[in-house]
Each structure stands twice: as structure tokens, then as C-alpha cells.
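Peer 1: Can you keep this structure in mind? I'll have questions shortly.
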Amino acid sequence: MSTHDTDAELGAESVKRANADLVRETTGYAIGGVPPFGHATRTRVLADRGLLDHDVVWAAAGTPHTVFPLDPKTLIAHAGGTPVDVRERTA
């Protein structure tokens, strides 16, 4: 999926990666340790549909050195996530 297609799917004019300050401000965590839920503010969570191709995924648990396993459907449900195509595609 191209960036243009992703923008349309999300209802946004443009989509870009958040910088470290915005991530910390909205989630309460540093990049590399952001868990999929338990954020400091109400945050829209996008989950790449590719996660559903796995039996188990490992998610950050608040620090860059801590993770936990969960099946992807449960992870997305607990996070209140929206499955979309968000990963970057190579040409």
C-alpha cells in the first residue's frame, strides 16, 4: 500500500512518523519502550494488519528492555487498535 492509500484509509491528508518528544508527551514512554496500551493520554492506536499473520507477537512493556508476548488479536483488542496497513513498503 502506498503512503497515499494509507492516508486515505486513515482519513488524513498526510501521515508521518511522530518525533520522540511527541511520543513521550502523548504516551508517557520513550520511543523503543512504548507499550500498546496504558498511555498517558487517549491515543489512537494503529496496528499493522501484518501482525495478524503471526501466532504470537512481542510488544514493548514500558522500557526498551522489557517485552511481553500476546496473540495479535488480543493485543489489538486490549489496545483498542485499528488494523491498517501502516508498515513502509519497499519499491
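Every chain in the C-alpha cells takes a letter, A first, then B, and so on in the order presented; its residues are numbered from 1, and the ligands are numbered from 1 following the presented order.
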Would you pick out the contacts of Asn19 (chain A) at 12 Å or less, using only C-alpha atoms, so that residues sharing its chain but fewer than 5 positions from it are not included, and give the list as a PDB file with N, CA and C atoms, in the first residue's frame?
Peer 2:
ATOM      1  N   ARG A  24       6.696  10.794  23.755  1.00  0.00           N
ATOM      2  CA  ARG A  24       6.790  10.846  25.228  1.00  0.00           C
ATOM      3  C   ARG A  24       5.606  11.621  25.810  1.00  0.00           C
ATOM      4  N   GLU A  25       5.253  12.739  25.185  1.00  0.00           N
ATOM      5  CA  GLU A  25       4.161  13.585  25.675  1.00  0.00           C
ATOM      6  C   GLU A  25       2.810  12.857  25.639  1.00  0.00           C
ATOM      7  N   THR A  26       2.542  12.136  24.577  1.00  0.00           N
ATOM      8  CA  THR A  26       1.228  11.515  24.432  1.00  0.00           C
ATOM      9  C   THR A  26       1.115  10.141  25.085  1.00  0.00           C
ATOM     10  N   ALA A  30       9.220   6.503  26.387  1.00  0.00           N
ATOM     11  CA  ALA A  30      10.214   6.835  25.373  1.00  0.00           C
ATOM     12  C   ALA A  30      10.102   5.870  24.198  1.00  0.00           C
ATOM     13  N   ILE A  31      10.451   6.355  23.020  1.00  0.00           N
ATOM     14  CA  ILE A  31      10.487   5.505  21.835  1.00  0.00           C
ATOM     15  C   ILE A  31      11.357   4.288  22.137  1.00  0.00           C
TER      16      ILE A  31
END
Peer 1: Going by DSSP on the backbone, which residues of chain A come out as helix (DSSP H, G or I)? List them as a VMD selection string.
Peer 2: chain A and resid 3 to 10 20 to 27 49 to 53 72 to 79
Peer 1: I want to know what sits within 8 Å of region 54-69 of chain A, based on only C-alpha atoms, with residues of the same chain fewer than 3 positions away left out; could you give that as an MDAnalysis selection string?
Peer 2: chainID A and resid 29:36 50:51 72
Peer 1: With N, CA, C and O atoms retained, write the just-selected residues as a short mmCIF file (atom, residue, chain, number, x, y, z; two decimals), in the first residue's frame.
Peer 2:
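Once everything was written out, this is again-v7.cif:
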data_model
loop_
_atom_site.label_atom_id
_atom_site.label_comp_id
_atom_site.auth_asym_id
_atom_site.auth_seq_id
_atom_site.Cartn_x
_atom_site.Cartn_y
_atom_site.Cartn_z
N TYR A 29 5.89 7.36 27.52
CA TYR A 29 7.02 6.44 27.37
C TYR A 29 7.97 6.93 26.28
O TYR A 29 7.57 7.64 25.36
N ALA A 30 9.22 6.50 26.39
CA ALA A 30 10.21 6.83 25.37
C ALA A 30 10.10 5.87 24.20
O ALA A 30 9.72 4.71 24.37
N ILE A 31 10.45 6.36 23.02
CA ILE A 31 10.49 5.50 21.84
C ILE A 31 11.36 4.29 22.14
O ILE A 31 12.41 4.39 22.75
N GLY A 32 10.89 3.13 21.72
CA GLY A 32 11.61 1.88 21.97
C GLY A 32 11.01 1.10 23.12
O GLY A 32 11.26 -0.09 23.28
N GLY A 33 10.19 1.76 23.93
CA GLY A 33 9.56 1.08 25.05
C GLY A 33 8.07 1.33 25.15
O GLY A 33 7.45 0.98 26.15
N VAL A 34 7.48 1.94 24.13
CA VAL A 34 6.06 2.30 24.19
C VAL A 34 5.19 1.05 24.12
O VAL A 34 5.19 0.34 23.12
N PRO A 35 4.43 0.78 25.18
CA PRO A 35 3.52 -0.36 25.14
C PRO A 35 2.30 -0.02 24.29
O PRO A 35 2.02 1.14 24.03
N PRO A 36 1.54 -1.03 23.88
CA PRO A 36 0.39 -0.78 23.04
C PRO A 36 -0.82 -0.21 23.79
O PRO A 36 -1.79 0.20 23.18
N GLY A 50 -0.33 -6.87 9.21
CA GLY A 50 0.66 -7.95 9.15
C GLY A 50 0.85 -8.65 10.48
O GLY A 50 1.29 -9.81 10.52
N LEU A 51 0.52 -8.00 11.59
CA LEU A 51 0.62 -8.65 12.90
C LEU A 51 -0.27 -9.89 12.97
O LEU A 51 0.05 -10.86 13.65
N PRO A 72 -1.86 -11.69 18.54
CA PRO A 72 -2.12 -10.38 17.96
C PRO A 72 -3.57 -9.90 18.07
O PRO A 72 -3.80 -8.72 18.30
#
Peer 1: Residues of chain A in strand (DSSP E or B) according to DSSP, as a ChimeraX atom specification?
Peer 2: /A:46-48,57-60,67-70,82-84
Peer 1: Would you work out the distance separating CA of Gly38 (chain A) from CA of Arg87 (chain A), expressed in Å to one decimal?
Peer 2: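 Distance between the two atoms: 22.6 Å.
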Peer 1: Quick one: of A:Leu10, A:Val86, A:Ala40, A:Leu46, who's nearest to Leu22 (chain A), counting only C-alpha atoms?
Peer 2: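 Between A:Leu10, A:Val86, A:Ala40, A:Leu46, the residue approaching Leu22 (chain A) most closely is A:Ala40.
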Peer 1: Restricting the calculation to only C-alpha atoms: of A:Pro83, A:Glu88, A:Asp71, A:His39, which residue gets closest to Arg17 (chain A)?
Peer 2: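 Looking at the shortest contact to Arg17 (chain A), the residue is A:Glu88.
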Peer 1: Of the candidates A:Arg49, A:Ala20, A:Ser14, A:Phe37, which one gets nearest to Leu75 (chain A) if we count only C-alpha atoms?
Peer 2: A:Phe37
Peer 1: Return the single residue from A:Val84, A:Leu52, A:Val45, A:Ala18 that is closest to Leu70 (chain A), with distances computed using only C-alpha atoms.
Peer 2: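 Result for the nearest residue to Leu70 (chain A): A:Leu52.
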